[in-house]
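Step one of this worksheet: look at the structure below.
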Amino acid sequence: MHFKPLFLAAVISLSSSFPTVAYARQQSEVVAELYGAMPTGITVAPNGRIFINYPQWGDGSEFTVAELIDGKAVAYPSQEMNTFNAAIPTERFSSVQSVVADGENRLWVLDTGSPGFQSPIMGAAKLVAIDLTTDRVIKTIVFSSEVVLPTSYVNDLRLDLRKGAEGVAYITDSSLSGPGGIIVVDLASGQASRRLSGASSTMPDPSFVPVIEGEELKVRLPDQEPQPWLVASDGIAISADGETLYYCALSSRHLYSIPTAALLNSSLSDADLEGLVTDLGIKGPSDGLSEDTDGNIYAGDYEKNAILRLGRDGKWETVVEGPEVLWPDTLSMGTDGYLYFTANQLHRQAAFHQGVDLREQPYQVLRVKVDARPVYLK
């Protein structure tokens with residue numbers, strides 16, 4: 001399914017949530033059309049290899065991490081690694097929510113350890129690094145129960161390989177029922193800590209009710225009253241100099257930032273950190289965020305079927321908008337000047353529609369030309 005361009009250039013008035021700006025709206029391009037399970041995450045390695053992931057939410061995918069090869073999803077790094085075994089939870093993937101390639105030719109795989117959103121299986125919630133030259137696992141960091149709580153759902157990450165001996169990872173906890181937060185991981189030692197746990201900036205807005213395709217998004221199960229779907233800190237991005245971390249709850253319209261130096265300062269309490277958080281104001285509600293070397297931050301807007309860009313001037317503009325941008329989930333900048341993203345119709349799942357699955361296959365991997373470069377902090 002390919003889409004005709006909606007507009008090549010336009011001047012629009014965005015909703016009252018954002019400033020009014022002029023922009024050149026781009027056309028999305030289809031990278032792959034995927035049948036079967038619904039993907040969420042995507043990353044583009046420096047050499048152009050594309051990886052995606054399939055969390056085990058009930059679609060029955062045979063693998064949870066895949067490489068796109070000739071438009072097809074192929075289990076990565078092997079089918080064996082993608083076949084979970086509870087007897088060896090640290091050695092196999094269980095349910096991966098995010099994949100991120102770094103500037104050292106490695107793929108970092110964030111395993112929730114939470115198939116079906118169950119409480120994390122100890123040993124299965126982990127961060128795994130794969131050498132893309134050999135396609136072999138070179139590091140596994142298992143999260144402790146003090147960091148990944150019984151309510152945790154680790155979601156997305158950003159890396160700064162210049163901090164400490166081997167770098168740090170910043171990970172969002174997008175809990176559905178407990179505290180959100182930012183998990184900071186020292187990649188050399190594997191030591192991790194929760195930061196901003198339960199802070200207002202990492203928690204969902206309790207009054208937030210998005211409207212998508214003309215319908216309020218709520219959990220609608222058969223014979224039950226509709227309930228709000230409230231998801232904590234989800235999207236994450238990092239500034240081109242590595243000094244600022246950006247994040248947002250999935251169930252919110254606010255974008256927040258905090259100095260990374262503060263997150264790394266163990267002497268600062270969460271109360272101290274809250275005083276250093278900046279509320280950057282209202283945007284469209286987002287699942288994924290991304291960044292570029294020019295200092296721009298990109299955010300999906302799942303209400304408007306759009307991707308937005310926050311410039312260094314503090315103004316939002318729409319990069320792409322159209323019916324094909326159907327729940328833009330994860331965003332990833334490629335070295336080819338394109339922003340890649342998954343459009344996976346997440347809001348059409350059965351849990352939101354009285355048990356009726358309204359998703360229409362294929363799911364799509366799309367890209368849009370933004371003439372920017374990815375941030376690799378190495």
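Ligands are numbered from 1 in the order shown, residues from 1 within each chain, and chains are lettered A, B, ... in the order they appear in the structure tokens.
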Just want the 6 Å neighbourhood of segment 108-121 of chain A, counted on only C-alpha atoms, with same-chain residues fewer than 4 positions away dropped. Output as a ChimeraX atom specification.
/A:56-57,94-96,98-100,125-129,150,153-154
Could you save those same residues with N, CA and C atoms as a tab-separated table (two decimals), in the first residue's frame?
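Result written to result_11.tsv:
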```tsv
chain	number	residue	atom	x	y	z
A	56	GLN	N	5.91	-9.05	23.00
A	56	GLN	CA	4.97	-10.17	23.03
A	56	GLN	C	3.69	-9.76	23.76
A	57	TRP	N	2.82	-9.10	23.02
A	57	TRP	CA	1.56	-8.58	23.56
A	57	TRP	C	0.36	-9.46	23.22
A	94	SER	N	12.80	-12.27	25.86
A	94	SER	CA	11.43	-12.60	26.27
A	94	SER	C	10.41	-11.72	25.56
A	95	SER	N	10.52	-10.40	25.72
A	95	SER	CA	9.58	-9.47	25.09
A	95	SER	C	10.26	-8.12	24.97
A	96	VAL	N	10.77	-7.83	23.79
A	96	VAL	CA	11.60	-6.65	23.58
A	96	VAL	C	10.74	-5.47	23.15
A	98	SER	N	12.33	-2.18	22.72
A	98	SER	CA	13.12	-1.16	22.03
A	98	SER	C	14.44	-1.74	21.57
A	99	VAL	N	14.88	-1.26	20.40
A	99	VAL	CA	16.21	-1.57	19.88
A	99	VAL	C	16.85	-0.24	19.45
A	100	VAL	N	18.11	-0.03	19.81
A	100	VAL	CA	18.81	1.22	19.49
A	100	VAL	C	20.23	0.90	19.06
A	125	ALA	N	14.37	-9.25	32.46
A	125	ALA	CA	14.43	-7.80	32.23
A	125	ALA	C	15.89	-7.39	32.15
A	126	LYS	N	16.32	-6.97	30.97
A	126	LYS	CA	17.75	-6.78	30.76
A	126	LYS	C	18.03	-5.87	29.56
A	127	LEU	N	19.28	-5.45	29.47
A	127	LEU	CA	19.80	-4.69	28.34
A	127	LEU	C	20.92	-5.51	27.71
A	128	VAL	N	20.78	-5.78	26.41
A	128	VAL	CA	21.72	-6.67	25.71
A	128	VAL	C	22.37	-5.92	24.56
A	129	ALA	N	23.70	-6.03	24.47
A	129	ALA	CA	24.44	-5.43	23.36
A	129	ALA	C	24.90	-6.51	22.39
A	150	PRO	N	8.01	-4.51	40.38
A	150	PRO	CA	6.96	-5.43	39.91
A	150	PRO	C	5.99	-4.77	38.94
A	153	TYR	N	7.69	-1.36	33.33
A	153	TYR	CA	7.71	-1.78	31.93
A	153	TYR	C	8.75	-0.90	31.23
A	154	VAL	N	9.99	-1.40	31.14
A	154	VAL	CA	11.04	-0.59	30.52
A	154	VAL	C	10.72	-0.41	29.04
```
As a PyMOL selection string, please: all residues of segment 218-364 of chain A that backbone DSSP puts in alpha helix (DSSP H).
chain A and resi 260-264+270-274
Can you tell me which residues surround Cys248 of chain A at a distance of at most 9 Å, considering only C-alpha atoms, apart from same-chain residues fewer than 5 positions away, and format the answer as a PyMOL selection string?
chain A and resi 201-204+232-236+253-257+285-289
Create the file for the chosen residues now, containing C-alpha atoms and written as a tab-separated table (two decimals), in the first residue's frame.
```tsv
chain	number	residue	atom	x	y	z
A	201	SER	CA	7.01	14.66	34.95
A	202	THR	CA	7.35	10.89	34.56
A	203	MET	CA	3.74	10.09	35.46
A	204	PRO	CA	0.69	10.18	33.19
A	232	ALA	CA	3.92	6.76	32.29
A	233	SER	CA	7.25	7.99	30.87
A	234	ASP	CA	7.76	6.59	27.39
A	235	GLY	CA	9.39	8.74	24.70
A	236	ILE	CA	13.03	9.74	25.21
A	253	ARG	CA	0.87	16.41	26.06
A	254	HIS	CA	3.85	17.82	27.93
A	255	LEU	CA	7.52	17.53	26.96
A	256	TYR	CA	10.08	17.71	29.76
A	257	SER	CA	13.85	18.02	29.95
A	285	PRO	CA	0.73	13.38	22.57
A	286	SER	CA	3.67	11.19	21.64
A	287	ASP	CA	4.80	7.62	21.82
A	288	GLY	CA	8.35	7.99	20.44
A	289	LEU	CA	10.85	10.86	20.30
```
Might you pull out every residue within 7 Å of segment 31-33 of chain A, with only C-alpha atoms counted and same-chain residues fewer than 5 positions away left off, and present them as number ranges by chain?
A: 71, 362-367
Give me a file of those residues, with all heavy atoms, as a PDB file, in the first residue's frame.
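Resulting contents of result30.pdb:
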```pdb
ATOM      1  N   GLY A  71      12.986  -6.011   2.816  1.00  0.00           N
ATOM      2  CA  GLY A  71      11.612  -5.714   3.186  1.00  0.00           C
ATOM      3  C   GLY A  71      10.935  -6.746   4.063  1.00  0.00           C
ATOM      4  O   GLY A  71       9.759  -6.604   4.398  1.00  0.00           O
ATOM      5  N   PRO A 362      -1.333  -4.538   5.960  1.00  0.00           N
ATOM      6  CA  PRO A 362      -0.060  -4.630   6.665  1.00  0.00           C
ATOM      7  C   PRO A 362       0.200  -3.432   7.578  1.00  0.00           C
ATOM      8  O   PRO A 362      -0.356  -2.357   7.385  1.00  0.00           O
ATOM      9  CB  PRO A 362       0.955  -4.641   5.524  1.00  0.00           C
ATOM     10  CG  PRO A 362       0.327  -3.776   4.475  1.00  0.00           C
ATOM     11  CD  PRO A 362      -1.143  -4.084   4.560  1.00  0.00           C
ATOM     12  N   TYR A 363       1.068  -3.661   8.577  1.00  0.00           N
ATOM     13  CA  TYR A 363       1.664  -2.562   9.320  1.00  0.00           C
ATOM     14  C   TYR A 363       2.788  -2.004   8.460  1.00  0.00           C
ATOM     15  O   TYR A 363       3.321  -2.703   7.587  1.00  0.00           O
ATOM     16  CB  TYR A 363       2.203  -3.050  10.658  1.00  0.00           C
ATOM     17  CG  TYR A 363       1.174  -3.799  11.463  1.00  0.00           C
ATOM     18  CD1 TYR A 363       1.278  -5.179  11.647  1.00  0.00           C
ATOM     19  CD2 TYR A 363       0.088  -3.140  12.004  1.00  0.00           C
ATOM     20  CE1 TYR A 363       0.319  -5.874  12.375  1.00  0.00           C
ATOM     21  CE2 TYR A 363      -0.880  -3.833  12.731  1.00  0.00           C
ATOM     22  CZ  TYR A 363      -0.751  -5.193  12.905  1.00  0.00           C
ATOM     23  OH  TYR A 363      -1.704  -5.881  13.617  1.00  0.00           O
ATOM     24  N   GLN A 364       3.158  -0.763   8.721  1.00  0.00           N
ATOM     25  CA  GLN A 364       4.145  -0.151   7.843  1.00  0.00           C
ATOM     26  C   GLN A 364       5.348   0.413   8.585  1.00  0.00           C
ATOM     27  O   GLN A 364       5.230   0.914   9.711  1.00  0.00           O
ATOM     28  CB  GLN A 364       3.506   0.969   7.021  1.00  0.00           C
ATOM     29  CG  GLN A 364       2.496   0.452   6.006  1.00  0.00           C
ATOM     30  CD  GLN A 364       2.073   1.533   5.039  1.00  0.00           C
ATOM     31  OE1 GLN A 364       1.735   2.639   5.434  1.00  0.00           O
ATOM     32  NE2 GLN A 364       2.090   1.210   3.769  1.00  0.00           N
ATOM     33  N   VAL A 365       6.494   0.310   7.946  1.00  0.00           N
ATOM     34  CA  VAL A 365       7.676   1.081   8.305  1.00  0.00           C
ATOM     35  C   VAL A 365       7.782   2.181   7.256  1.00  0.00           C
ATOM     36  O   VAL A 365       7.812   1.913   6.049  1.00  0.00           O
ATOM     37  CB  VAL A 365       8.946   0.211   8.303  1.00  0.00           C
ATOM     38  CG1 VAL A 365      10.176   1.073   8.549  1.00  0.00           C
ATOM     39  CG2 VAL A 365       8.840  -0.894   9.354  1.00  0.00           C
ATOM     40  N   LEU A 366       7.805   3.426   7.727  1.00  0.00           N
ATOM     41  CA  LEU A 366       7.831   4.582   6.842  1.00  0.00           C
ATOM     42  C   LEU A 366       9.077   5.411   7.111  1.00  0.00           C
ATOM     43  O   LEU A 366       9.749   5.251   8.131  1.00  0.00           O
ATOM     44  CB  LEU A 366       6.577   5.446   7.060  1.00  0.00           C
ATOM     45  CG  LEU A 366       5.221   4.768   6.859  1.00  0.00           C
ATOM     46  CD1 LEU A 366       4.098   5.669   7.354  1.00  0.00           C
ATOM     47  CD2 LEU A 366       5.010   4.404   5.403  1.00  0.00           C
ATOM     48  N   ARG A 367       9.360   6.310   6.187  1.00  0.00           N
ATOM     49  CA  ARG A 367      10.430   7.267   6.413  1.00  0.00           C
ATOM     50  C   ARG A 367      10.061   8.585   5.759  1.00  0.00           C
ATOM     51  O   ARG A 367       9.245   8.629   4.826  1.00  0.00           O
ATOM     52  CB  ARG A 367      11.772   6.752   5.875  1.00  0.00           C
ATOM     53  CG  ARG A 367      11.869   6.682   4.355  1.00  0.00           C
ATOM     54  CD  ARG A 367      13.241   6.213   3.917  1.00  0.00           C
ATOM     55  NE  ARG A 367      13.384   6.302   2.451  1.00  0.00           N
ATOM     56  CZ  ARG A 367      14.504   6.015   1.794  1.00  0.00           C
ATOM     57  NH1 ARG A 367      15.577   5.610   2.464  1.00  0.00           N
ATOM     58  NH2 ARG A 367      14.556   6.130   0.480  1.00  0.00           N
TER      59      ARG A 367
END
```
Close residues, Ala37 of chain A itself excluded, 8 Å, only C-alpha atoms, min 3 positions apart in chain, as a list in words
Tyr54, Asp59, Gly60 and Ser61 of chain A
Spatial neighbours of segment 304-313 of chain A, 8 Å, only C-alpha atoms, chain gap at least 6 places, as an NGL selection string
:A and (212 or 284 or 295-298 or 319-328)
Given only C-alpha atoms as the counted atoms, nearest of A:Phe352, A:Tyr170, A:Phe51, A:Tyr246 to Val74 of chain A:
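Residue with the minimum atom-to-atom distance to Val74 of chain A: A:Phe51.
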